[in-house]
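Written below as structure tokens is the structure these notes are about.
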Amino acid sequence: MANLRQTPLTCSGHTRPVVHLDFSAVTECGYFLISACKDGKPMLRQGDTGDWIGTFEGHKGAVWGVALNAQATKAASGAADFTGKVWDAVTGEELHSFQHNHIVKSVNFSKDSNFLATGSNEKLVRIFDLNKPDASPTVFSGHTAGVRHALFFRDDSHLISCADDKSLRVWDRVSGKEVQKLEFSAVPNSLEVSRDGSVITVTHSNNITFLDSGSLSKIREFPLPTTANSASLHPDKCIFVAGGDDFKMYKFDYTTGTEIESFKGHFGPVHCVRFSPDGELYASGSEDGTLRLWQTTVGKTYGLWKCVDGPQLNNEPLSPPREVSAS
């Protein structure tokens with residue numbers, strides 16, 4: 001099986017660059033994937049196959065950030081129309097629309113799905129109570145440039161954010177104050193907190209940095225041969241994947257930083273990468289308008305990938321995956 005080549009699933013349907021994506025946790029119905037696109041139409045898909053489920057219609061501008069709650073019952077999106085919206089992920093109905101004064105770049109649900117965090121070009125992080133949607137949000141101020149990502153953190157007791165001011169900050173939800181700050185030499189492009197909450201993954205310039213989630217101390221840092229737009233750590237912390245401006249998807253050993261493999265599957269820069277909750281695949285979104293799903297272990301039968309033991313001709317999978325379109 002060592003000679004099998006990676007054959008990604010291509011998920012089409014978007015008409016502009018795909019700039020962000022998010023997975024739900026594993027539910028009774030499998031797991032799900034949501035994508036943000038500059039076409040203003042976030043899409044929901046079955047996570048392991050890429051099959052299109054539905055499109056959330058209502059934004060009047062590019063969508064920059066998306067989120068699913070763990071149960072995949074709610075979705076959220078942040079857009080250039082200055083709104084953060086919450087959707088019923090089962091019916092597609094819009095539940096809430098929270099007005100901002102500038103572009104909303106980031107949305108994230110609390111673990112109990114009762115709160116929504118947003119980050120915007122107003123340089124602010126906000127928390128909205130979804131059970132009291134008309135109440136004023138809690139506001140966290142301190143960033144000096146637009147916020148790129150804002151996530152609930154440390155079992156929802158804190159928030160973590162990164163911004164165009166080249167900083168990463170941690171906020172205490174009770175006091176509303178900034179309690180930790182880390183500065184980078186370049187703007188942090190992506191921010192991920194590992195599923196167990198212990199490791200923060202940040203990309204900046206051509207670097208991928210892993211931080212201890214308690215102290216924010218650097219665990220390790222590795223360079224990418226190109227501008228690193230996004231990186232994701234496997235749930236087992238054995239490998240990580242990354243993508244950037246050279247159209248390639250990279251896979252590395254997390255302990256040593258050794259490159260395991262790289263694939264050129266997109267026709268434009270890679271803007272976002274994420275591992276699925278079970279770690280069996282990772283998804284990438286690109287300037288080329290597609291999402292692609294990649295196997296973590298090439299040659300394993302999983303989702304739409306059907307592989308069998310024994311000799312294979314031309315190192316091709318016996319059942320090449322099909323393109324998954326939105327229709």
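By convention here, the chains of the structure tokens are called A, B, ... in the order presented, each chain's residues are numbered starting at 1, and ligands are numbered starting at 1 in the order presented.
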
- Within 7 Å of range 299-302 of chain A, counting only C-alpha atoms, which residues qualify if same-chain residues fewer than 3 places away don't, as a ChimeraX atom specification? /A:1,4,305-307

- Item | Residue among A:Arg5, A:Arg195, A:Arg45, A:Lys132 lying closest to Ser262 in chain A, counting only C-alpha atoms |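 The closest residue to Ser262 in chain A is A:Arg5.
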
- Task: Show which residues sit within 8 Å of Phe82 in chain A, as a PyMOL selection string. Count only C-alpha atoms, and ignore same-chain residues fewer than 6 positions away.
- Result: chain A and resi 99-104

Would you export the selected residues with N, CA and C atoms as a PDB file, in the first residue's frame, please?
```
ATOM      1  N   GLN A  99     -25.953  42.365  14.314  1.00  0.00           N
ATOM      2  CA  GLN A  99     -25.372  43.466  13.551  1.00  0.00           C
ATOM      3  C   GLN A  99     -24.066  43.934  14.177  1.00  0.00           C
ATOM      4  N   HIS A 100     -23.053  44.144  13.343  1.00  0.00           N
ATOM      5  CA  HIS A 100     -21.778  44.725  13.752  1.00  0.00           C
ATOM      6  C   HIS A 100     -21.569  46.018  12.968  1.00  0.00           C
ATOM      7  N   ASN A 101     -20.464  46.700  13.247  1.00  0.00           N
ATOM      8  CA  ASN A 101     -20.164  47.950  12.547  1.00  0.00           C
ATOM      9  C   ASN A 101     -19.052  47.796  11.518  1.00  0.00           C
ATOM     10  N   HIS A 102     -18.628  46.563  11.304  1.00  0.00           N
ATOM     11  CA  HIS A 102     -17.620  46.306  10.276  1.00  0.00           C
ATOM     12  C   HIS A 102     -17.668  44.815   9.937  1.00  0.00           C
ATOM     13  N   ILE A 103     -16.781  44.383   9.046  1.00  0.00           N
ATOM     14  CA  ILE A 103     -16.755  42.998   8.580  1.00  0.00           C
ATOM     15  C   ILE A 103     -16.528  42.035   9.753  1.00  0.00           C
ATOM     16  N   VAL A 104     -17.331  40.978   9.807  1.00  0.00           N
ATOM     17  CA  VAL A 104     -17.176  39.931  10.816  1.00  0.00           C
ATOM     18  C   VAL A 104     -16.326  38.821  10.224  1.00  0.00           C
TER      19      VAL A 104
END
```

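When only C-alpha atoms are used to measure the gap to Ala25 in chain A, the shortest distance among A:His59, A:Lys105, A:His266, A:Lys111 belongs to A:Lys111.
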
- Task: In Å, rounded to a single decimal, give me how far CA of Val187 in chain A is from CA of Ser205 in chain A.
- Result: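 Interatomic distance here is 7.2 Å.
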
- Task: Within range 4-227 of chain A, find each residue whose DSSP state, derived from the backbone, is strand (DSSP E or B), and express the selection as a PyMOL selection string.
- Result: chain A and resi 9-11+18-23+27+30+32-37+43-46+52-55+63-68+74-79+83-88+94-99+104-109+115-120+124-129+138-141+147-153+158-163+167-172+178-183+188-193+199-204+207-212+218-223

Taking a cut-off of 9 Å and counting only C-alpha atoms, can you build a table that, for each residue of range 66-102 of chain A near range 34-38 of chain A, reports the nearest atom pair and how far apart they are in Å (one decimal), sorted by chain then residue number, as CSV?
```
residue,atom,partner,partner_atom,distance
A:Val66,CA,A:Ala36,CA,5.7
A:Ala67,CA,A:Ile34,CA,6.9
A:Leu68,CA,A:Ile34,CA,7.0
A:Ala75,CA,A:Ile34,CA,8.0
A:Ser77,CA,A:Ala36,CA,7.5
A:Gly78,CA,A:Ala36,CA,8.6
A:Ala79,CA,A:Lys38,CA,8.7
A:Ala80,CA,A:Lys38,CA,8.9
```

Would you save the residues of that selection, restricted to C-alpha atoms, as a PDB file, in the first residue's frame?
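Final output, out20.pdb:
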```pdb
ATOM      1  CA  VAL A  66     -17.965  29.742   9.812  1.00  0.00           C
ATOM      2  CA  ALA A  67     -18.627  27.395  12.727  1.00  0.00           C
ATOM      3  CA  LEU A  68     -20.657  24.331  13.626  1.00  0.00           C
ATOM      4  CA  ALA A  75     -24.236  26.782  12.278  1.00  0.00           C
ATOM      5  CA  SER A  77     -21.264  32.578   9.782  1.00  0.00           C
ATOM      6  CA  GLY A  78     -19.549  35.966   9.783  1.00  0.00           C
ATOM      7  CA  ALA A  79     -19.576  38.158   6.713  1.00  0.00           C
ATOM      8  CA  ALA A  80     -18.707  41.371   4.907  1.00  0.00           C
TER       9      ALA A  80
END
```

- Message: I'd like the interatomic distance between CA of Asp172 in chain A and CA of Phe153 in chain A, to a tenth of an Å.
- Response: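 CA of Phe153 in chain A lies at a distance of 9.5 Å from CA of Asp172 in chain A.
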
- Choose the residue, out of A:Gly285, A:Gly13, A:Gly47, A:Gly197, that has the smallest atom-to-atom separation from Arg154 in chain A; count only C-alpha atoms. A:Gly197

- List the neighbours of Ser198 in chain A out to 9 Å using only C-alpha atoms; skip same-chain residues closer than 4 positions along the sequence, and give me the result as a list in words.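 Once the adjacent positions are removed, what remains is Arg154, Val193, Ser194, Leu211, Asp212, Ser213 and Gly214 of chain A.
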
- Item | Distance of CA of Thr118 in chain A from CA of Phe210 in chain A, expressed in Å to one decimal place | 23.3 Å

Distance query Ala70 in chain A at most 12 Å, only C-alpha atoms, self and fewer than 2 positions along chain excluded, as a PDB file with all heavy atoms, in the first residue's frame:
```pdb
ATOM      1  N   ASP A  22     -14.977  24.445   9.001  1.00  0.00           N
ATOM      2  CA  ASP A  22     -15.072  23.931  10.369  1.00  0.00           C
ATOM      3  C   ASP A  22     -15.794  22.590  10.348  1.00  0.00           C
ATOM      4  O   ASP A  22     -16.708  22.377   9.544  1.00  0.00           O
ATOM      5  CB  ASP A  22     -15.835  24.923  11.258  1.00  0.00           C
ATOM      6  CG  ASP A  22     -15.761  24.567  12.738  1.00  0.00           C
ATOM      7  OD1 ASP A  22     -14.682  24.127  13.196  1.00  0.00           O
ATOM      8  OD2 ASP A  22     -16.768  24.730  13.448  1.00  0.00           O
ATOM      9  N   PHE A  23     -15.376  21.693  11.232  1.00  0.00           N
ATOM     10  CA  PHE A  23     -16.034  20.409  11.417  1.00  0.00           C
ATOM     11  C   PHE A  23     -16.837  20.401  12.706  1.00  0.00           C
ATOM     12  O   PHE A  23     -16.460  21.047  13.690  1.00  0.00           O
ATOM     13  CB  PHE A  23     -14.996  19.278  11.520  1.00  0.00           C
ATOM     14  CG  PHE A  23     -14.408  18.829  10.220  1.00  0.00           C
ATOM     15  CD1 PHE A  23     -13.137  19.242   9.835  1.00  0.00           C
ATOM     16  CD2 PHE A  23     -15.096  17.974   9.380  1.00  0.00           C
ATOM     17  CE1 PHE A  23     -12.568  18.813   8.643  1.00  0.00           C
ATOM     18  CE2 PHE A  23     -14.549  17.532   8.184  1.00  0.00           C
ATOM     19  CZ  PHE A  23     -13.280  17.953   7.820  1.00  0.00           C
ATOM     20  N   SER A  24     -17.924  19.641  12.716  1.00  0.00           N
ATOM     21  CA  SER A  24     -18.609  19.341  13.971  1.00  0.00           C
ATOM     22  C   SER A  24     -17.845  18.233  14.687  1.00  0.00           C
ATOM     23  O   SER A  24     -16.840  17.717  14.177  1.00  0.00           O
ATOM     24  CB  SER A  24     -20.039  18.871  13.694  1.00  0.00           C
ATOM     25  OG  SER A  24     -20.025  17.561  13.106  1.00  0.00           O
ATOM     26  N   ALA A  25     -18.321  17.862  15.855  1.00  0.00           N
ATOM     27  CA  ALA A  25     -17.839  16.631  16.500  1.00  0.00           C
ATOM     28  C   ALA A  25     -18.526  15.443  15.805  1.00  0.00           C
ATOM     29  O   ALA A  25     -19.352  15.613  14.911  1.00  0.00           O
ATOM     30  CB  ALA A  25     -18.165  16.660  17.984  1.00  0.00           C
ATOM     31  N   VAL A  26     -18.173  14.240  16.207  1.00  0.00           N
ATOM     32  CA  VAL A  26     -18.836  13.043  15.675  1.00  0.00           C
ATOM     33  C   VAL A  26     -20.199  12.910  16.359  1.00  0.00           C
ATOM     34  O   VAL A  26     -20.294  12.905  17.588  1.00  0.00           O
ATOM     35  CB  VAL A  26     -17.991  11.777  15.918  1.00  0.00           C
ATOM     36  CG1 VAL A  26     -18.731  10.551  15.401  1.00  0.00           C
ATOM     37  CG2 VAL A  26     -16.628  11.899  15.239  1.00  0.00           C
ATOM     38  N   THR A  27     -21.256  12.844  15.555  1.00  0.00           N
ATOM     39  CA  THR A  27     -22.613  12.727  16.080  1.00  0.00           C
ATOM     40  C   THR A  27     -23.184  11.352  15.726  1.00  0.00           C
ATOM     41  O   THR A  27     -22.511  10.532  15.101  1.00  0.00           O
ATOM     42  CB  THR A  27     -23.528  13.809  15.462  1.00  0.00           C
ATOM     43  OG1 THR A  27     -23.809  13.456  14.091  1.00  0.00           O
ATOM     44  CG2 THR A  27     -22.861  15.194  15.499  1.00  0.00           C
ATOM     45  N   GLU A  28     -24.437  11.125  16.078  1.00  0.00           N
ATOM     46  CA  GLU A  28     -25.092   9.859  15.727  1.00  0.00           C
ATOM     47  C   GLU A  28     -25.210   9.692  14.215  1.00  0.00           C
ATOM     48  O   GLU A  28     -25.342   8.581  13.717  1.00  0.00           O
ATOM     49  CB  GLU A  28     -26.491   9.808  16.362  1.00  0.00           C
ATOM     50  CG  GLU A  28     -26.488   9.696  17.878  1.00  0.00           C
ATOM     51  CD  GLU A  28     -27.890   9.711  18.450  1.00  0.00           C
ATOM     52  OE1 GLU A  28     -28.850   9.907  17.676  1.00  0.00           O
ATOM     53  OE2 GLU A  28     -28.027   9.535  19.674  1.00  0.00           O
ATOM     54  N   GLY A  30     -22.859  10.695  12.030  1.00  0.00           N
ATOM     55  CA  GLY A  30     -21.543  10.984  11.486  1.00  0.00           C
ATOM     56  C   GLY A  30     -21.106  12.387  11.870  1.00  0.00           C
ATOM     57  O   GLY A  30     -21.562  12.944  12.866  1.00  0.00           O
ATOM     58  N   TYR A  31     -20.244  12.986  11.060  1.00  0.00           N
ATOM     59  CA  TYR A  31     -19.819  14.353  11.347  1.00  0.00           C
ATOM     60  C   TYR A  31     -19.991  15.210  10.102  1.00  0.00           C
ATOM     61  O   TYR A  31     -20.190  14.709   8.992  1.00  0.00           O
ATOM     62  CB  TYR A  31     -18.386  14.396  11.876  1.00  0.00           C
ATOM     63  CG  TYR A  31     -17.332  13.863  10.932  1.00  0.00           C
ATOM     64  CD1 TYR A  31     -16.725  14.690   9.986  1.00  0.00           C
ATOM     65  CD2 TYR A  31     -16.928  12.527  10.981  1.00  0.00           C
ATOM     66  CE1 TYR A  31     -15.757  14.205   9.123  1.00  0.00           C
ATOM     67  CE2 TYR A  31     -15.964  12.038  10.113  1.00  0.00           C
ATOM     68  CZ  TYR A  31     -15.383  12.880   9.188  1.00  0.00           C
ATOM     69  OH  TYR A  31     -14.431  12.402   8.323  1.00  0.00           O
ATOM     70  N   PHE A  32     -19.935  16.532  10.314  1.00  0.00           N
ATOM     71  CA  PHE A  32     -20.315  17.464   9.258  1.00  0.00           C
ATOM     72  C   PHE A  32     -19.254  18.537   9.073  1.00  0.00           C
ATOM     73  O   PHE A  32     -18.438  18.796   9.957  1.00  0.00           O
ATOM     74  CB  PHE A  32     -21.678  18.087   9.587  1.00  0.00           C
ATOM     75  CG  PHE A  32     -22.771  17.052   9.686  1.00  0.00           C
ATOM     76  CD1 PHE A  32     -23.031  16.406  10.882  1.00  0.00           C
ATOM     77  CD2 PHE A  32     -23.507  16.699   8.562  1.00  0.00           C
ATOM     78  CE1 PHE A  32     -24.014  15.428  10.971  1.00  0.00           C
ATOM     79  CE2 PHE A  32     -24.491  15.725   8.638  1.00  0.00           C
ATOM     80  CZ  PHE A  32     -24.740  15.087   9.848  1.00  0.00           C
ATOM     81  N   LEU A  33     -19.298  19.162   7.900  1.00  0.00           N
ATOM     82  CA  LEU A  33     -18.305  20.151   7.496  1.00  0.00           C
ATOM     83  C   LEU A  33     -19.032  21.367   6.932  1.00  0.00           C
ATOM     84  O   LEU A  33     -19.948  21.230   6.123  1.00  0.00           O
ATOM     85  CB  LEU A  33     -17.401  19.533   6.421  1.00  0.00           C
ATOM     86  CG  LEU A  33     -16.433  20.431   5.650  1.00  0.00           C
ATOM     87  CD1 LEU A  33     -15.381  21.013   6.574  1.00  0.00           C
ATOM     88  CD2 LEU A  33     -15.760  19.620   4.532  1.00  0.00           C
ATOM     89  N   ALA A  67     -18.755  28.316  11.596  1.00  0.00           N
ATOM     90  CA  ALA A  67     -18.627  27.395  12.727  1.00  0.00           C
ATOM     91  C   ALA A  67     -19.828  26.469  12.771  1.00  0.00           C
ATOM     92  O   ALA A  67     -20.934  26.846  12.367  1.00  0.00           O
ATOM     93  CB  ALA A  67     -18.528  28.173  14.044  1.00  0.00           C
ATOM     94  N   LEU A  68     -19.591  25.267  13.255  1.00  0.00           N
ATOM     95  CA  LEU A  68     -20.657  24.331  13.626  1.00  0.00           C
ATOM     96  C   LEU A  68     -20.538  24.057  15.108  1.00  0.00           C
ATOM     97  O   LEU A  68     -19.421  23.985  15.647  1.00  0.00           O
ATOM     98  CB  LEU A  68     -20.517  23.010  12.864  1.00  0.00           C
ATOM     99  CG  LEU A  68     -20.898  22.985  11.388  1.00  0.00           C
ATOM    100  CD1 LEU A  68     -20.508  21.652  10.769  1.00  0.00           C
ATOM    101  CD2 LEU A  68     -22.391  23.236  11.213  1.00  0.00           C
ATOM    102  N   ALA A  72     -23.737  19.601  15.584  1.00  0.00           N
ATOM    103  CA  ALA A  72     -24.110  19.932  14.199  1.00  0.00           C
ATOM    104  C   ALA A  72     -25.588  20.294  14.085  1.00  0.00           C
ATOM    105  O   ALA A  72     -26.210  20.095  13.034  1.00  0.00           O
ATOM    106  CB  ALA A  72     -23.757  18.806  13.235  1.00  0.00           C
ATOM    107  N   THR A  73     -26.152  20.859  15.153  1.00  0.00           N
ATOM    108  CA  THR A  73     -27.541  21.335  15.110  1.00  0.00           C
ATOM    109  C   THR A  73     -27.606  22.822  14.795  1.00  0.00           C
ATOM    110  O   THR A  73     -28.631  23.325  14.339  1.00  0.00           O
ATOM    111  CB  THR A  73     -28.249  21.079  16.442  1.00  0.00           C
ATOM    112  OG1 THR A  73     -27.476  21.673  17.507  1.00  0.00           O
ATOM    113  CG2 THR A  73     -28.387  19.584  16.696  1.00  0.00           C
ATOM    114  N   LYS A  74     -26.516  23.542  15.050  1.00  0.00           N
ATOM    115  CA  LYS A  74     -26.460  24.971  14.761  1.00  0.00           C
ATOM    116  C   LYS A  74     -25.216  25.283  13.938  1.00  0.00           C
ATOM    117  O   LYS A  74     -24.167  24.663  14.120  1.00  0.00           O
ATOM    118  CB  LYS A  74     -26.413  25.792  16.057  1.00  0.00           C
ATOM    119  CG  LYS A  74     -27.692  25.790  16.866  1.00  0.00           C
ATOM    120  CD  LYS A  74     -27.521  26.603  18.142  1.00  0.00           C
ATOM    121  CE  LYS A  74     -28.788  26.562  18.990  1.00  0.00           C
ATOM    122  NZ  LYS A  74     -28.588  27.251  20.296  1.00  0.00           N
ATOM    123  N   ALA A  75     -25.361  26.275  13.057  1.00  0.00           N
ATOM    124  CA  ALA A  75     -24.236  26.782  12.278  1.00  0.00           C
ATOM    125  C   ALA A  75     -24.150  28.285  12.495  1.00  0.00           C
ATOM    126  O   ALA A  75     -25.134  28.922  12.862  1.00  0.00           O
ATOM    127  CB  ALA A  75     -24.422  26.472  10.800  1.00  0.00           C
ATOM    128  N   ALA A  89     -28.986  24.257  11.642  1.00  0.00           N
ATOM    129  CA  ALA A  89     -28.229  23.468  10.669  1.00  0.00           C
ATOM    130  C   ALA A  89     -29.030  22.293  10.120  1.00  0.00           C
ATOM    131  O   ALA A  89     -28.602  21.641   9.166  1.00  0.00           O
ATOM    132  CB  ALA A  89     -26.930  22.969  11.289  1.00  0.00           C
ATOM    133  N   ASN A 108     -17.666  31.556  16.543  1.00  0.00           N
ATOM    134  CA  ASN A 108     -17.348  30.325  17.266  1.00  0.00           C
ATOM    135  C   ASN A 108     -18.390  30.088  18.354  1.00  0.00           C
ATOM    136  O   ASN A 108     -18.785  31.019  19.049  1.00  0.00           O
ATOM    137  CB  ASN A 108     -15.951  30.445  17.887  1.00  0.00           C
ATOM    138  CG  ASN A 108     -15.462  29.150  18.535  1.00  0.00           C
ATOM    139  OD1 ASN A 108     -15.189  29.098  19.726  1.00  0.00           O
ATOM    140  ND2 ASN A 108     -15.349  28.089  17.755  1.00  0.00           N
ATOM    141  N   PHE A 109     -18.847  28.832  18.486  1.00  0.00           N
ATOM    142  CA  PHE A 109     -19.822  28.469  19.513  1.00  0.00           C
ATOM    143  C   PHE A 109     -19.133  28.036  20.802  1.00  0.00           C
ATOM    144  O   PHE A 109     -18.074  27.384  20.769  1.00  0.00           O
ATOM    145  CB  PHE A 109     -20.689  27.294  19.040  1.00  0.00           C
ATOM    146  CG  PHE A 109     -21.709  27.644  18.004  1.00  0.00           C
ATOM    147  CD1 PHE A 109     -21.522  27.288  16.677  1.00  0.00           C
ATOM    148  CD2 PHE A 109     -22.868  28.321  18.347  1.00  0.00           C
ATOM    149  CE1 PHE A 109     -22.468  27.591  15.708  1.00  0.00           C
ATOM    150  CE2 PHE A 109     -23.827  28.639  17.388  1.00  0.00           C
ATOM    151  CZ  PHE A 109     -23.625  28.272  16.065  1.00  0.00           C
ATOM    152  N   SER A 110     -19.771  28.351  21.940  1.00  0.00           N
ATOM    153  CA  SER A 110     -19.339  27.760  23.205  1.00  0.00           C
ATOM    154  C   SER A 110     -19.684  26.274  23.200  1.00  0.00           C
ATOM    155  O   SER A 110     -20.474  25.807  22.377  1.00  0.00           O
ATOM    156  CB  SER A 110     -20.029  28.461  24.381  1.00  0.00           C
ATOM    157  OG  SER A 110     -21.445  28.329  24.267  1.00  0.00           O
ATOM    158  N   LYS A 111     -19.096  25.526  24.122  1.00  0.00           N
ATOM    159  CA  LYS A 111     -19.320  24.073  24.145  1.00  0.00           C
ATOM    160  C   LYS A 111     -20.781  23.718  24.343  1.00  0.00           C
ATOM    161  O   LYS A 111     -21.268  22.716  23.820  1.00  0.00           O
ATOM    162  CB  LYS A 111     -18.457  23.430  25.234  1.00  0.00           C
ATOM    163  CG  LYS A 111     -16.984  23.346  24.860  1.00  0.00           C
ATOM    164  CD  LYS A 111     -16.191  22.532  25.865  1.00  0.00           C
ATOM    165  CE  LYS A 111     -14.739  22.367  25.381  1.00  0.00           C
ATOM    166  NZ  LYS A 111     -13.915  21.617  26.348  1.00  0.00           N
ATOM    167  N   ASP A 112     -21.504  24.537  25.135  1.00  0.00           N
ATOM    168  CA  ASP A 112     -22.921  24.241  25.385  1.00  0.00           C
ATOM    169  C   ASP A 112     -23.832  24.849  24.319  1.00  0.00           C
ATOM    170  O   ASP A 112     -25.059  24.742  24.413  1.00  0.00           O
ATOM    171  CB  ASP A 112     -23.331  24.709  26.780  1.00  0.00           C
ATOM    172  CG  ASP A 112     -23.186  26.222  26.972  1.00  0.00           C
ATOM    173  OD1 ASP A 112     -22.952  26.942  25.973  1.00  0.00           O
ATOM    174  OD2 ASP A 112     -23.302  26.681  28.126  1.00  0.00           O
ATOM    175  N   SER A 113     -23.248  25.490  23.318  1.00  0.00           N
ATOM    176  CA  SER A 113     -23.972  26.091  22.181  1.00  0.00           C
ATOM    177  C   SER A 113     -24.863  27.261  22.580  1.00  0.00           C
ATOM    178  O   SER A 113     -25.683  27.722  21.775  1.00  0.00           O
ATOM    179  CB  SER A 113     -24.841  25.043  21.451  1.00  0.00           C
ATOM    180  OG  SER A 113     -24.062  23.951  21.040  1.00  0.00           O
ATOM    181  N   ASN A 114     -24.708  27.766  23.798  1.00  0.00           N
ATOM    182  CA  ASN A 114     -25.549  28.869  24.256  1.00  0.00           C
ATOM    183  C   ASN A 114     -24.975  30.245  23.938  1.00  0.00           C
ATOM    184  O   ASN A 114     -25.676  31.251  24.074  1.00  0.00           O
ATOM    185  CB  ASN A 114     -25.786  28.769  25.770  1.00  0.00           C
ATOM    186  CG  ASN A 114     -26.718  27.623  26.124  1.00  0.00           C
ATOM    187  OD1 ASN A 114     -27.634  27.313  25.369  1.00  0.00           O
ATOM    188  ND2 ASN A 114     -26.483  26.987  27.258  1.00  0.00           N
ATOM    189  N   ARG A 195      -8.190  19.517  19.980  1.00  0.00           N
ATOM    190  CA  ARG A 195      -9.469  19.016  20.517  1.00  0.00           C
ATOM    191  C   ARG A 195      -9.410  18.771  22.017  1.00  0.00           C
ATOM    192  O   ARG A 195     -10.421  18.895  22.699  1.00  0.00           O
ATOM    193  CB  ARG A 195      -9.886  17.738  19.774  1.00  0.00           C
ATOM    194  CG  ARG A 195     -10.253  18.033  18.328  1.00  0.00           C
ATOM    195  CD  ARG A 195     -11.369  17.164  17.788  1.00  0.00           C
ATOM    196  NE  ARG A 195     -11.890  17.755  16.551  1.00  0.00           N
ATOM    197  CZ  ARG A 195     -13.102  18.274  16.437  1.00  0.00           C
ATOM    198  NH1 ARG A 195     -13.905  18.282  17.469  1.00  0.00           N
ATOM    199  NH2 ARG A 195     -13.508  18.792  15.295  1.00  0.00           N
ATOM    200  N   PRO A 277     -12.879  15.319  12.993  1.00  0.00           N
ATOM    201  CA  PRO A 277     -12.838  14.991  14.431  1.00  0.00           C
ATOM    202  C   PRO A 277     -12.294  13.599  14.735  1.00  0.00           C
ATOM    203  O   PRO A 277     -11.740  13.381  15.811  1.00  0.00           O
ATOM    204  CB  PRO A 277     -14.297  15.137  14.867  1.00  0.00           C
ATOM    205  CG  PRO A 277     -15.095  15.031  13.612  1.00  0.00           C
ATOM    206  CD  PRO A 277     -14.239  15.621  12.530  1.00  0.00           C
TER     207      PRO A 277
END
```

- Could you pull the residues within 12 Å of Met249 in chain A, counting only C-alpha atoms, minus those fewer than 5 positions along the same chain, as a VMD selection string? chain A and resid 6 8 224 to 226 228 to 232 240 to 244 259 to 274 282 to 286 292 to 296

- Using only C-alpha atoms, pick whichever of A:Ser175, A:Asn206, A:Thr144, A:Asn69 has the shortest atom-to-atom distance to Val107 in chain A. A:Asn69

- Message: Nearest residue to Leu95 in chain A out of A:Ala76, A:Cys29, A:Ile239, A:Val202, using only C-alpha atoms?
- Response: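 Residue with the minimum atom-to-atom distance to Leu95 in chain A: A:Ala76.
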
- Counting only C-alpha atoms, the option among A:His149, A:Leu44, A:Phe98, A:Thr297 closest to Gly65 in chain A: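 When distances to Gly65 in chain A are compared using only C-alpha atoms, the smallest one comes from A:His149.
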